[in-house]
Structures are given as structure tokens and as C-alpha cells.
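**Q** Here you go, one structure.
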Amino acid sequence: MKWTSLNDLREKYLSFFESKGHLRLGSFSLVPNNDKSLLLINSGMAPMKKFFTGEVTPPRNRVTTCQKCIRTPDLERVGITARHGTYFEMLGNFSFGDYFKNEAIEWAWEFLTKTLEIPENLLWPSVYEEDDEAYAIWRDKIGVPEEHIVKLGKADNFWEHGTGPCGPCSEIYFDRGEKYGCGSPDCKPGCDCDRYMEIWNNVFSQFNNMGDGTYTELEHKNIDTGMGLERLACIMQGVDNMFEVDTVRNILNKVCELSGKEYGKDAKTDISIRAITDHARASTFMISDGIIPSNEGRGYVLRRLIRRAARHGKLIGIDKAFLEILADAVINENKAGYPELIEKQELIKKVISNEEAGFAKTIDQGLAILSSLTKEGGTLSGKDAFKLYDTYGFPLDLTKDILAEKGMSLDEERFNELMNEQKKKAREGRKAADAESWKSDGISFDGISATEFLGYTENECEAKVLDIVCEGEHTLTATDGSRAIIVLDKTVFYGEGGGQVGDSGAISLGENTFTVTDTHKTAGGVFTHFGIVCGTISVGDIVKAKIDVDRRNAIRRNHTAAHLLQAGLRAVLGNHVEQAGQLVNENTVRFDFTHFSALTSEEISKVEAFVNEVILSGIAVDNKEMPIEEAKKLGAMALFGEKYGDVVRVVAAGEKSVELCGGTHVDNAAKIGLFRIISESSVAAGVRRIEALTGANVLTLIEQYKALIDETAAALKVANSADVAKRAANITAELKDKEKQIEKLEAKLASGKIDEMISSAKAVGSVRVITARINGSADELRKMADTVKGNNADMVAVFAGVNGEKVTFCAACGSDAVGSGAHAGNLVRAVAQIAGGNGGGKPDSAMAGGKDASKIEEALAAVCGIVEGQLK
């Protein structure tokens with residue numbers, strides 16, 4: 001057994017199982033595809049559930065992968081111990097109804113003992129206590145001594161999640177030596193000590209859990225293997241934990257370099273170093289798979305990871321933005337296994353640095369909120385602390401530090417109760433959803449072959465009806481007026497996918513017509529046509545399927561325009577722009593993309609011009625299938641998180657835009673006609689949205705604009721619509737002139753009012769005091785108060801106003817009055833409190849709000865007494 005790098009271990013494993021007839025697949029995205037049960041992919045088999053259930057046919061019956069995984073239930077523990085981490089890689093070899101226990105066990109042993117040369121005496125297999133078959137294979141075929149085979153119960157060695165496929169497990173443990181043990185003579189796998197580390201788990205899916213306590217044998221038995229890559233690397237490199245593994249340790253060393261700290265010298269510092277290291281790995285891979293920080297779902301997980309890393313950075317003395325530097329280190333260590341990290345490097349760094357900067361602002365916001373919550377001292381409620389943590393991302397440890405500085409305490413018990421309630425809900429939701437995820441989505445079309453799609457080149461075709469569903473049940477015939485789903489052996493109708501809506505049209509047989517309102521596609525490639533029957537349609541009928549060609553052409557225009565729009569955005573804004581979602585239908589193009597600020601008018605114009613230049617050039621648009629390696633050589637852009645097969649469809653508008661896409665497109669850019677952006681907005685942090693029109697829809701928009709201009713011209717009494725702008729400018733100038741005249745008149749009236757109030761001012765010591773209730777806005781009150789103090793140095797003025805339900809108080813003190821002790825801020829606060837409000841400000845000028853308008857007169861009557869108490 002010799003030292004082996006993590007990257008070499010990954011390659012050795014995948015190559016070994018390729019030699020055993022397995023198809024090597026790249027890691028699936030961390031974003032689950034068509035699986036609502038998972039927020040993030042958390043195991044090697046998770047992306048392949050539908051292969052196991054038979055809903056989707058795997059590319060081969062033997063598959064091997066190294067899968068990126070994220071697990072976050074113990075996020076708060078990451079860093080505290082060296083055992084916990086959020087990001088890891090899971091090696092796996094899978095059999096879908098092909099080989100079973102004999103081969104799975106034999107190959108596992110061969111890889112560990114022959115390829116990696118791990119001594120056999122250090123490996124201990126475990127089996128489910130009732131699985132005599134696996135036990136016999138280990139003992140009789142592999143030759144493991146009985147005293148080295150451990151039988152464990154259902155809790156340890158039987159895999160099941162609710163109803164669905166399940167079965168016994170056989171794990172392989174590595175003996176780390178007596179120094180890690182508990183000292184018990186009975187110590188062996190299954191013991192709670194650290195001596196025996198599980199490195200390999202073979203799950204034998206041979207049963208179906210019926211949900212009533214009974215199990216039936218699966219017709220096609222499966223193998224699901226899992227082995228943590230970092231855990232295996234610990235063994236092969238002779239280190240204690242994942243943070244000491246070569247690639248991870250190199251990232252950890254970069255954290256030490258940035259912080260000036262040495263790992264292993266201080267336990268508290270080590271916690272932060274480990275947390276930053278792990279979170280940098282997880283964040284980098286999540287962003288590379290298209291996840292953007294947000295306040296919900298997987299985006300919230302990413303936000304917490306980045307912010308937690310930034311917080312720990314501050315704790316160990318990193319006082320500047322540093323996470324994008326760590327992203328470079330993560331990419332450098334992992335680019336051999338995941339070359340897409342290089343392609344996404346610019347985007348990854350932009351997202352991380354943007355979020356880190358945002359967190360700095362969040363800290364300021366949280367400090368302000370915490371300051372207001374701690375004015376009265378005492379104990380901060382657990383509810384308020386949890387809100388700061390959950391809503392604003394304000395770290396609990398920072399809250400506790402600030403409270404300690406103020407001599408305050410925290411109701412941490414209540415905080416923990418709320419935290420545990422949240423975790424419990426999340427766990428229950430995951431458990432229920434995971435069980436549900438093994439069930440077929442909606443109606444099952446088992447036994448029906450994938451539909452042949454002819455819609456790339458044809459608008460109509462002859463087809464055979466294979467299945468009909470009415471009211472959720474399969475039936476042989478659909479009669480007049482029925483709402484139904486029809487499945488054909490071939491179709492020209494595009495099934496909704498890739499952001500493109502499904503086609504509509506008609507399926508007909510003589511006078512009998514099925515009006516198709518929408519088309520979908522199952523995970524197994526079966527196209528489902530939704531609609532209403534007029535007449536009768538039966539299974540076995542030979543029918544004519546014809547799409548709504550005008551609608552399809554409009555959709556084609558919008559889909560090709562979406563591709564050109566992305567190319568334009570990347571040309572104008574930079575290569576960090578990636579598609580984050582889209583909707584193309586017959587009406588609009590809606591395109592979501594990664595970017596971190598609103599587009600300027602100039603940028604929008606440049607993008608629009610880019611697309612229209614391509615359209616006017618009449619570039620041919622090629623739409624054809626090719627091997628994925630050939631597509632990559634062409635530089636074809638892939639959709640974030642999408643899994644592609646060996647053969648892909650490439651849509652290319654010359655060299656301007658080359659993308660992998662299964663949608664329908666025009667064959668020449670000129671057929672788009674015109675392109676016009678109608679809006680640009682924010683969807684989430686770091687994600688913008690553009691909506692645009694093409695073709696006849698742009699002409700309709702132009703007509704609407706013209707009609708609006710004509711209506712405006714009529715309203716402005718302009719004979720020629722070309723003079724609308726000039727007339728509007730003249731009216732605006734006239735209005736401004738009128739406003740100035742009104743301001744002058746109001747100033748004269750106010751001056752008269754002020755003179756009248758000053759003449760009746762009350763003398764209080766060395767100052768004069770005036771009070772008044774004035775019907776005006778807060779701004780008007782302030783102007784009047786400023787006029788009084790500016791022209792009368794010994795004057796104190798307090799004005800009150802009511803605007804709707806809002807009560808406003810304004811106080812002002814002249815310079816001599818301030819010198820005598822008058823203080824506008826303290827004065828207006830005391831006055832406002834009488835009316836149920838609060839406020840304050842500077843000695844010479846201040847504002848406050850009140851809640852009870854009926855108390856205004858009482859509040860103003862108290863002014864002289866308050867001022868008298870302020871004077872020296």
C-alpha cells in the first residue's frame with residue numbers, strides 16, 4: 001500500500017471499473033434534475049434514481065461515476081471537528097439489472113487489495129445478519145476468515161427509504177490500528193470508537209418495500225456502491241481526516257497563508273481554518289453548477305456557506321475580501337477531475353466576491369438592528385436572535401460577542417428551540433420527499449418505448465396511437481368532449497423542455513379530431529399530448545399529427561433569438577454571463593442570466609444591436625446532431641447543470657452563437673425578422689432578466705407605440721405627432737415656471753404667518769418661544785422652522801403637522817438659544833412622547849413623529865415648560 005494522491009485515486013477507481021465493462025459517466029450536477037425531493041445531490045446514486053426504478057433507461061447496464069455531493073444537516077458542526085464537511089466526492093459502481101452480489105463483492109476486494117494493495121488483514125467485511133448469501137461469498141469465494149466477517153442488524157446493514165427498492169448492505173471497514181480503538185477485546189466493526197473506518201458500501205437492491213411491512217423480490221436486481229473519495233484518500237495517505245488529504249490540505253494551507261496563522265497551534269483558530277477550507281470547496285463547486293446565492297432553497301445554502309466562511313475569516317484576522325483567492329486554489333486543486341471549473345472560473349469568482357461584499361453590508365445592517373434591540377439592556381430574546389440569524393444571516397457568535405460587551409445575556413435556550421424546530425421540519429420534509437421521489441411522477445407509461453420525434457424537419461406526420469389516458473386512468477378509447485392524454489409512436493409535437501413551451505395543433509382521423517393544447521415529455525422520452533376529443537380516438541388508430549405551424553414558427557424565432565441574446569450579453573458584459581433560466585413561447589423571449597448589476601441603457605442598446613446585426617446579416621442556423629466531443633471542439637455552450645449523452649444536438653448561427661440545444665429553431669437568422677428588448681430587471685441577487693420580442697410581435701409593439709404617440713398628440717392638441725416631444729417640453733417648462741410662482745406666493749404667505757407668530761412669542765428666560773399647528777408636509781414644517789431660527793438667534797420654534805394619519809413635530813433653536821442651553825433634539829423628543837411618538841436630532845434642528853393626533857395641543861402646550869428646564 002503506497003501513498004496515492006486524491007486525483008490519482010479517482011482515476012484508478014474509474015479506470016478499474018471501465019475495465020470491468022462499466023460506462024464512465026462524468027459527475028452529475030449538484031442541482032437535482034426532475035427530483036423535487038432533494039435540494040442538492042447528496043450521494044452517488046441520487047441522480048440515478050430513475051435508472052433504478054426503470055422509468056429511464058440507463059445508457060448502459062453497468063455505470064461508474066465519481067459524484068460531487070453536498071450535505072448540510074450538520075453545517076454548524078463543520079470546522080468544530082475534523083470529521084464534518086459539506087462537500088465530498090462519492091465513488092460508485094452501479095448495476096441496473098446486470099451483475100449482482102458475486103461480482104460486486106469480488107471487484108470491491110480486487111480493487112482494494114490488488115489495485116491499491118491494501119493488506120487483506122486490515123479489511124473487515126460486514127453483512128446484514130440475515131444475508132447468508134453475501135456471508136457465504138465473503139467466506140467461501142473471497143476467502144475472508146469468519147472471525148473477520150461481522151454480521152450487523154437492520155439499522156446498520158439494510159438500506160431503505162420508505163416504499164420502493166431496498167435491500168441488504170455489505171460494508172468494508174479498514175482497521176486503523178489499536179491507537180484509535182477503545183481497548184475492548186470485543187472491539188470490531190460496529191463499535192462506536194474510531195478504530196474501524198467504513199470505506200466501501202455495497203447495497204444489494206433486491207427487494208421492493210410495499211409499505212405495509214412486507215417485501216417482494218425485485219425482478220431486476222441492482223447494485224448501488226458508494227465509497228467516499230476523501231475517506232479512501234485518508235487511508236492511502238496515512239492521515240487522520242479529510243483536511244489532511246493532499247488537495248484539501250493545499251487549500252487549507254492557502255487559508256493559513258492569507259491569515260498568517262499556523263494550523264494545529266490553536267484549537268479555536270483551527271475551527272475557523274477548517275470551516276473556511278470546507279466552505280470554499282463547497283461554494284466553488286455549487287457556483288460552477290449554476291447555483292447563485294439567494295434567500296431560499298439551494299441558493300440560501302450557498303449564501304450561508306459563503307457568509308460563514310467570510311465570518312470565520314474575520315475571526316482569524318483576515319480583514320479584506322479573500323474568498324475569490326481561495327476559489328482559485330480550489331479550482332487549481334480540482335481542475336484535473338473537473339475541467340469545467342476552469343471554464344466557469346470568472347463567474348465563480350464574481351459570484352463569491354459579490355456575495356462577500358454583500359455580507360459586509362449585511363453585518364452593518366445586523367449591527368444596526370441589534371443596536372436597537374439592545375437599547376434597554378437586560379436579555380435579548382431567543383426569538384430576536386433567531387430572526388437576526390435566519391432572516392439577516394447575522395452569526396450567533398457575533399450576537400453573543402456584542403451582548404457580552406454590553407453586559408447583556410441571551411435567551412440561548414429559546415434560540416436553540418427555534419433552531420431545532422427548523423431542523424426538524426427540514427428533516428421531516430426531506431424524509432417524506434425522499435420516499436416520494438422513488439414513486440413515478442404522475443401517470444406511469446411503463447412498457448411504452450420512447451417516442452420518435454420528427455419535429456425538427458417536419459410539421460406533420462402519420463402516427464399510431466399507443467396509449468390514451470382519461471381522468472387519470474389508461475383507457476382504450478376517448479370519446480367526444482373528453483379531456484385526454486394521447487401517446488403516439490412518433491410525433492412532430494415538441495414536448496416542453498429546455499425553456500421552450502410544448503406545441504399545440506391537432507391529431508385527426510377523418511372527422512374525429514383531438515385538439516392538442518399542450519405537449520410534454522416524460523423522463524423516459526415518451527411524448528404526452530394533452531387536449532380535448534371531438535368524435536372518437538382509440539388505441540391502435542393510425543392518425544395524422546399536425547402542429548400549429550404559425551405558433552411553432554413564432555416559437556422558433558424566439559428560441560433562436562434567445563441564443564443570440566446570450567451571445568450578445570457575453571459580448572457586451574463578459575464571459576461570466578451564463579443562462580440561469582429561460583422561457584420561449586410564441587409571444588416573448590424571457591431570458592435569465594448571471595450578472596451583478598442592472599444593465600445601463602447603453603449596454604441594452606449594444607446587446608440589441610448585436611442581435612439585430614446577426615439577423616440582418618442573414619446567417620444560416622445549423623441544427624444537427626454530433627458526438628459531444630466534436631461539439632466541445634466547436635466551443636458549444638452547455639446549459640448549467642444539464643447532463644448530456646454521447647450524441648448531442650448543436651444549434652449554430654455561424655460563429656456568433658454555438659450552443660447545445662434540443663429545441664426547435666429557424667434555419668436562417670433573417671427569419672427572426674426584428675428583435676426588441678422591452679424590459680430588464682432583477683430576479684434574484686446576481687441574476688437579471690431580459691424580456692424581448694421578435695418578428696410580428698415587434699411590429700405589433702411598433703403599432704402600439706404609434707397609437708400611444710397619436711393619443712398623446714391629440715391630448716396635447718398637436719396637429720403633427722412629430723411635434724409631441726417639443727410640445728411636452730414646452731408644457732414642462734410652463735409648469736416649472738408656475739411652480740416657481742407658487743413657491744414665491746407660498747413664501748410670502750409663510751413669511752406673513754411667521755411674522756404673526758413671532759409677534760406673539762412667549763418669553764422664557766433669555767429666549768423667545770413660538771409654537772403652532774400647521775397643515776403642511778414635514779418638509780414645509782422644516783422650511784418654516786429653519787426660517788425662524790435663521791432670522792431670530794434667540795428664538796425656539798416647535799411646529800406640529802398632520803398629514804393623513806401621520807403626526808410630525810419639528811423643532812428649531814437659534815444660535816443664541818442653543819448657547820443658553822436649548823436643545824432642539826431633546827425638546828422635540830419630549831414633545832413627541834406626549835403624543836405617543838419619539839424622535840430627536842441636533843441641538844439646532846430636529847424632527848420627530850407622533851401617533852396620537854388628539855394629543856398635539858397638549859404636546860405644544862408643554863413646550864415652554866420643557867424649554868425652561870433646559871436653560872442654564
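The chains in the C-alpha cells are called A, B, ... from first to last as shown; in each chain the residues are counted from 1, and the ligands are counted from 1 in the order shown.
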Write down as a ChimeraX atom specification the residues belonging to segment 142-188 of chain A that are assigned strand (DSSP E) by DSSP computed on the backbone.

**A** /A:150-152,158-159,164-175

**Q** Write out, as a PDB file, in the first residue's frame, the residues just selected, with C-alpha atoms.

**A**
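Ended up saving to selection14.pdb:
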ATOM      1  CA  VAL A 150     -19.190  -9.132  11.047  1.00  0.00           C
ATOM      2  CA  LYS A 151     -22.949  -9.590  10.988  1.00  0.00           C
ATOM      3  CA  LEU A 152     -24.905  -6.418  11.800  1.00  0.00           C
ATOM      4  CA  PHE A 158     -30.134  -2.688   5.415  1.00  0.00           C
ATOM      5  CA  TRP A 159     -30.824   0.222   3.083  1.00  0.00           C
ATOM      6  CA  GLY A 164     -39.670   1.306  -3.145  1.00  0.00           C
ATOM      7  CA  PRO A 165     -36.389  -0.511  -3.915  1.00  0.00           C
ATOM      8  CA  CYS A 166     -34.368  -1.610  -0.887  1.00  0.00           C
ATOM      9  CA  GLY A 167     -32.034  -4.341   0.262  1.00  0.00           C
ATOM     10  CA  PRO A 168     -29.194  -5.525   2.489  1.00  0.00           C
ATOM     11  CA  CYS A 169     -25.737  -3.931   2.525  1.00  0.00           C
ATOM     12  CA  SER A 170     -22.242  -5.298   2.787  1.00  0.00           C
ATOM     13  CA  GLU A 171     -19.682  -2.807   4.006  1.00  0.00           C
ATOM     14  CA  ILE A 172     -15.896  -2.994   4.096  1.00  0.00           C
ATOM     15  CA  TYR A 173     -14.067  -1.483   7.078  1.00  0.00           C
ATOM     16  CA  PHE A 174     -10.399  -0.520   7.371  1.00  0.00           C
ATOM     17  CA  ASP A 175      -8.599  -1.231  10.649  1.00  0.00           C
TER      18      ASP A 175
END

**Q** Tell me, as a short mmCIF file (atom, residue, chain, number, x, y, z; two decimals) with N, CA, C and O atoms, in the first residue's frame, which residues lie within 7 Å of segment 804-819 of chain A, counting only C-alpha atoms; anything in the same chain fewer than 5 positions away does not count.

**A**
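This is the output file selection_11.cif:
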data_model
loop_
_atom_site.label_atom_id
_atom_site.label_comp_id
_atom_site.auth_asym_id
_atom_site.auth_seq_id
_atom_site.Cartn_x
_atom_site.Cartn_y
_atom_site.Cartn_z
N VAL A 767 -34.81 83.42 26.16
CA VAL A 767 -35.21 83.06 24.80
C VAL A 767 -36.68 83.37 24.59
O VAL A 767 -37.45 83.56 25.53
N ALA A 778 -43.95 67.49 6.21
CA ALA A 778 -42.77 67.57 7.07
C ALA A 778 -41.76 68.54 6.49
O ALA A 778 -41.10 69.29 7.22
N LEU A 781 -42.82 72.11 7.25
CA LEU A 781 -42.56 72.45 8.65
C LEU A 781 -41.08 72.79 8.84
O LEU A 781 -40.73 73.75 9.54
N ARG A 782 -40.21 71.96 8.23
CA ARG A 782 -38.78 72.17 8.38
C ARG A 782 -38.36 73.52 7.80
O ARG A 782 -37.53 74.24 8.40
N ALA A 785 -39.38 76.28 10.15
CA ALA A 785 -38.56 76.30 11.36
C ALA A 785 -37.18 76.85 11.06
O ALA A 785 -36.61 77.62 11.85
N ASP A 786 -36.61 76.49 9.91
CA ASP A 786 -35.29 76.97 9.52
C ASP A 786 -35.31 78.49 9.31
O ASP A 786 -34.35 79.20 9.64
N LYS A 789 -35.30 80.19 12.88
CA LYS A 789 -34.00 80.17 13.58
C LYS A 789 -32.95 80.98 12.83
O LYS A 789 -32.04 81.55 13.44
N GLY A 790 -33.08 81.02 11.48
CA GLY A 790 -32.09 81.76 10.69
C GLY A 790 -32.19 83.26 10.89
O GLY A 790 -31.19 83.97 10.82
N ASN A 792 -33.78 84.73 13.66
CA ASN A 792 -34.00 85.10 15.06
C ASN A 792 -33.13 84.21 15.95
O ASN A 792 -33.50 83.09 16.30
N ALA A 793 -31.96 84.74 16.34
CA ALA A 793 -30.99 83.93 17.07
C ALA A 793 -31.47 83.49 18.44
O ALA A 793 -31.01 82.48 18.97
N ASP A 794 -32.41 84.27 19.05
CA ASP A 794 -32.86 83.93 20.40
C ASP A 794 -34.16 83.14 20.40
O ASP A 794 -34.77 82.94 21.45
N MET A 795 -34.57 82.64 19.22
CA MET A 795 -35.90 82.04 19.11
C MET A 795 -35.83 80.51 19.20
O MET A 795 -34.92 79.86 18.69
N VAL A 796 -36.86 79.91 19.85
CA VAL A 796 -37.11 78.47 19.86
C VAL A 796 -38.48 78.26 19.24
O VAL A 796 -39.47 78.85 19.72
N ALA A 797 -38.54 77.43 18.18
CA ALA A 797 -39.82 77.21 17.49
C ALA A 797 -40.13 75.72 17.46
O ALA A 797 -39.25 74.89 17.19
N VAL A 798 -41.40 75.37 17.74
CA VAL A 798 -41.87 73.99 17.63
C VAL A 798 -43.17 74.00 16.83
O VAL A 798 -44.14 74.64 17.23
N PHE A 799 -43.16 73.33 15.70
CA PHE A 799 -44.35 73.25 14.84
C PHE A 799 -44.82 71.79 14.77
O PHE A 799 -44.02 70.85 14.78
N ALA A 824 -32.81 71.37 20.46
CA ALA A 824 -33.96 71.00 19.63
C ALA A 824 -34.23 69.49 19.66
O ALA A 824 -35.38 69.06 19.72
N VAL A 828 -37.79 68.14 20.97
CA VAL A 828 -38.78 67.52 20.10
C VAL A 828 -39.08 66.08 20.54
O VAL A 828 -40.21 65.60 20.38
N ALA A 832 -42.83 64.91 21.39
CA ALA A 832 -43.42 63.81 20.61
C ALA A 832 -43.89 62.68 21.53
O ALA A 832 -44.88 62.01 21.24
N PRO A 843 -28.81 69.89 18.16
CA PRO A 843 -29.26 70.96 19.07
C PRO A 843 -30.04 72.06 18.37
O PRO A 843 -30.95 72.66 18.97
N ASP A 844 -29.70 72.36 17.09
CA ASP A 844 -30.36 73.48 16.43
C ASP A 844 -31.54 73.08 15.56
O ASP A 844 -32.37 73.92 15.19
N SER A 845 -31.68 71.76 15.22
CA SER A 845 -32.78 71.35 14.34
C SER A 845 -33.06 69.86 14.54
O SER A 845 -32.12 69.05 14.59
N ALA A 846 -34.35 69.52 14.64
CA ALA A 846 -34.69 68.10 14.87
C ALA A 846 -36.13 67.83 14.46
O ALA A 846 -36.97 68.74 14.42
N MET A 847 -36.39 66.54 14.14
CA MET A 847 -37.72 66.09 13.75
C MET A 847 -38.13 64.91 14.62
O MET A 847 -37.30 64.19 15.16
N ALA A 848 -39.47 64.72 14.74
CA ALA A 848 -39.99 63.57 15.49
C ALA A 848 -41.36 63.23 14.95
O ALA A 848 -42.02 64.05 14.30
N GLY A 849 -41.79 62.00 15.23
CA GLY A 849 -43.12 61.56 14.82
C GLY A 849 -43.99 61.29 16.02
O GLY A 849 -43.51 60.93 17.10
N GLY A 850 -45.28 61.42 15.83
CA GLY A 850 -46.24 61.12 16.89
C GLY A 850 -47.29 60.16 16.38
O GLY A 850 -47.41 59.93 15.18
N LYS A 851 -48.06 59.56 17.31
CA LYS A 851 -49.07 58.58 16.92
C LYS A 851 -50.49 59.05 17.20
O LYS A 851 -51.43 58.62 16.55
N ALA A 853 -52.94 62.10 17.19
CA ALA A 853 -53.16 63.49 16.77
C ALA A 853 -53.95 64.29 17.80
O ALA A 853 -53.82 65.52 17.88
#

**Q** From the options A:Ala523, A:Ala862, A:Leu123, A:Cys256, which residue's atoms come nearest to Asn33 of chain A, counting only C-alpha atoms?

**A**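 Between A:Ala523, A:Ala862, A:Leu123, A:Cys256, the residue approaching Asn33 of chain A most closely is A:Ala523.
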
**Q** For a test of reading the model, state the distance in Å between atom CA of Thr451 of chain A and atom CA of Gly498 of chain A, rounded to one decimal.

**A**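 Atom-to-atom, atom CA of Thr451 of chain A to atom CA of Gly498 of chain A, that is 17.6 Å.
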
**Q** So, counting only C-alpha atoms, which residue among A:Glu257, A:Glu230, A:Asp710, A:Glu340 is closest to Ile325 of chain A?

**A**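 Using only C-alpha atoms, the shortest distance to Ile325 of chain A belongs to A:Glu257.
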
**Q** Excluding segment 866-868 of chain A and any residue of its chain fewer than 5 positions from it, enumerate the residues within 10 Å of it, using only C-alpha atoms, and give them as a PyMOL selection string.

**A** chain A and resi 763-769+796+817+821-824+826-828+830-831+861

**Q** Would you mind reading off the distance between atom CA of Lys633 of chain A and atom CA of Ser27 of chain A, one decimal, in Å?

**A**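 Value for the atom CA of Lys633 of chain A-atom CA of Ser27 of chain A distance: 20.3 Å.
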
**Q** If you take only C-alpha atoms and a cut-off of 12 Å, which residues of segment 395-501 of chain A touch segment 505-514 of chain A, and what are their nearest atom pairs and distances in Å to one decimal, in chain and number order, as JSON lines?

**A**
{"residue": "A:Asn459", "atom": "CA", "partner": "A:Gly505", "partner_atom": "CA", "distance": 10.0}
{"residue": "A:Glu460", "atom": "CA", "partner": "A:Ile507", "partner_atom": "CA", "distance": 9.5}
{"residue": "A:Cys461", "atom": "CA", "partner": "A:Ile507", "partner_atom": "CA", "distance": 9.7}
{"residue": "A:Glu462", "atom": "CA", "partner": "A:Ile507", "partner_atom": "CA", "distance": 9.4}
{"residue": "A:Ala463", "atom": "CA", "partner": "A:Ile507", "partner_atom": "CA", "distance": 9.2}
{"residue": "A:Lys464", "atom": "CA", "partner": "A:Ile507", "partner_atom": "CA", "distance": 10.5}
{"residue": "A:Val465", "atom": "CA", "partner": "A:Ile507", "partner_atom": "CA", "distance": 9.9}
{"residue": "A:Ile468", "atom": "CA", "partner": "A:Phe514", "partner_atom": "CA", "distance": 11.5}
{"residue": "A:Ala478", "atom": "CA", "partner": "A:Phe514", "partner_atom": "CA", "distance": 9.4}
{"residue": "A:Thr479", "atom": "CA", "partner": "A:Asn512", "partner_atom": "CA", "distance": 9.6}
{"residue": "A:Asp480", "atom": "CA", "partner": "A:Asn512", "partner_atom": "CA", "distance": 8.8}
{"residue": "A:Gly481", "atom": "CA", "partner": "A:Phe514", "partner_atom": "CA", "distance": 9.6}
{"residue": "A:Ser482", "atom": "CA", "partner": "A:Phe514", "partner_atom": "CA", "distance": 9.4}
{"residue": "A:Arg483", "atom": "CA", "partner": "A:Phe514", "partner_atom": "CA", "distance": 9.3}
{"residue": "A:Ala484", "atom": "CA", "partner": "A:Phe514", "partner_atom": "CA", "distance": 8.8}
{"residue": "A:Ile485", "atom": "CA", "partner": "A:Phe514", "partner_atom": "CA", "distance": 9.7}
{"residue": "A:Ile486", "atom": "CA", "partner": "A:Phe514", "partner_atom": "CA", "distance": 8.8}
{"residue": "A:Val487", "atom": "CA", "partner": "A:Ile507", "partner_atom": "CA", "distance": 10.7}
{"residue": "A:Leu488", "atom": "CA", "partner": "A:Ile507", "partner_atom": "CA", "distance": 9.8}
{"residue": "A:Lys490", "atom": "CA", "partner": "A:Ile507", "partner_atom": "CA", "distance": 11.9}
{"residue": "A:Thr491", "atom": "CA", "partner": "A:Ile507", "partner_atom": "CA", "distance": 9.8}
{"residue": "A:Val492", "atom": "CA", "partner": "A:Gly505", "partner_atom": "CA", "distance": 9.9}
{"residue": "A:Phe493", "atom": "CA", "partner": "A:Gly505", "partner_atom": "CA", "distance": 8.0}
{"residue": "A:Tyr494", "atom": "CA", "partner": "A:Gly505", "partner_atom": "CA", "distance": 10.8}

**Q** Using C-alpha atoms, can you write the selected residues to a file as a PDB file, in the first residue's frame?

**A**
ATOM      1  CA  ASN A 459     -44.696  19.831 -39.425  1.00  0.00           C
ATOM      2  CA  GLU A 460     -46.997  16.817 -39.791  1.00  0.00           C
ATOM      3  CA  CYS A 461     -46.721  13.035 -39.818  1.00  0.00           C
ATOM      4  CA  GLU A 462     -48.716   9.821 -39.755  1.00  0.00           C
ATOM      5  CA  ALA A 463     -48.588   8.000 -36.401  1.00  0.00           C
ATOM      6  CA  LYS A 464     -50.114   5.175 -34.395  1.00  0.00           C
ATOM      7  CA  VAL A 465     -51.977   5.740 -31.100  1.00  0.00           C
ATOM      8  CA  ILE A 468     -54.796   7.031 -24.054  1.00  0.00           C
ATOM      9  CA  ALA A 478     -61.518   8.566 -25.734  1.00  0.00           C
ATOM     10  CA  THR A 479     -64.958   9.838 -26.673  1.00  0.00           C
ATOM     11  CA  ASP A 480     -66.478  13.191 -27.621  1.00  0.00           C
ATOM     12  CA  GLY A 481     -65.768  16.010 -25.130  1.00  0.00           C
ATOM     13  CA  SER A 482     -63.202  14.027 -23.137  1.00  0.00           C
ATOM     14  CA  ARG A 483     -60.066  15.689 -21.812  1.00  0.00           C
ATOM     15  CA  ALA A 484     -57.324  13.195 -22.514  1.00  0.00           C
ATOM     16  CA  ILE A 485     -53.632  12.433 -22.923  1.00  0.00           C
ATOM     17  CA  ILE A 486     -52.634  10.643 -26.114  1.00  0.00           C
ATOM     18  CA  VAL A 487     -49.314   8.867 -26.742  1.00  0.00           C
ATOM     19  CA  LEU A 488     -48.151   8.193 -30.311  1.00  0.00           C
ATOM     20  CA  LYS A 490     -43.934   9.137 -33.439  1.00  0.00           C
ATOM     21  CA  THR A 491     -44.754  12.831 -33.336  1.00  0.00           C
ATOM     22  CA  VAL A 492     -43.987  16.275 -34.726  1.00  0.00           C
ATOM     23  CA  PHE A 493     -45.164  17.955 -31.495  1.00  0.00           C
ATOM     24  CA  TYR A 494     -42.314  19.327 -29.381  1.00  0.00           C
TER      25      TYR A 494
END

**Q** Segment 777-820 of chain A: which residues are alpha helix (DSSP H) by DSSP, as a list of chain:residue names?

**A**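 Everything in segment 777-820 of chain A that counts as alpha helix (DSSP H) is A:Ala778, A:Asp779, A:Glu780, A:Leu781, A:Arg782, A:Lys783, A:Met784, A:Ala785, A:Asp786, A:Thr787, A:Val788, A:Lys789, A:Gly790, A:Asn791, A:Ser815, A:Asp816, A:Ala817, A:Val818, A:Gly819.
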
**Q** Show me, as a short mmCIF file (atom, residue, chain, number, x, y, z; two decimals) with C-alpha atoms, in the first residue's frame, the residues that have an atom within 9 Å of Lys717 of chain A when counting only C-alpha atoms, minus same-chain residues fewer than 4 positions from it.

**A**
data_model
loop_
_atom_site.label_atom_id
_atom_site.label_comp_id
_atom_site.auth_asym_id
_atom_site.auth_seq_id
_atom_site.Cartn_x
_atom_site.Cartn_y
_atom_site.Cartn_z
CA THR A 712 -50.67 61.85 -26.71
CA ALA A 713 -50.58 64.29 -29.64
CA ARG A 727 -44.89 70.41 -27.07
#

**Q** Please list as a ChimeraX atom specification every residue within 12 Å of Val698 of chain A, counting only C-alpha atoms and excluding residues in the same chain fewer than 6 positions away.

**A** /A:554,557-558,587-589,672-678,692,704-705

**Q** Choose the residue, out of A:Arg24, A:Lys335, A:Lys49, A:Lys375, that has the smallest atom-to-atom separation from Arg62 of chain A; count only C-alpha atoms.

**A**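 The closest residue to Arg62 of chain A is A:Arg24.
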
**Q** Between A:Arg60, A:Lys855, A:Arg307, A:His529, which residue has the minimum interatomic distance to Pro293 of chain A, considering only C-alpha atoms?

**A**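 Smallest distance to Pro293 of chain A is found for A:Arg307.
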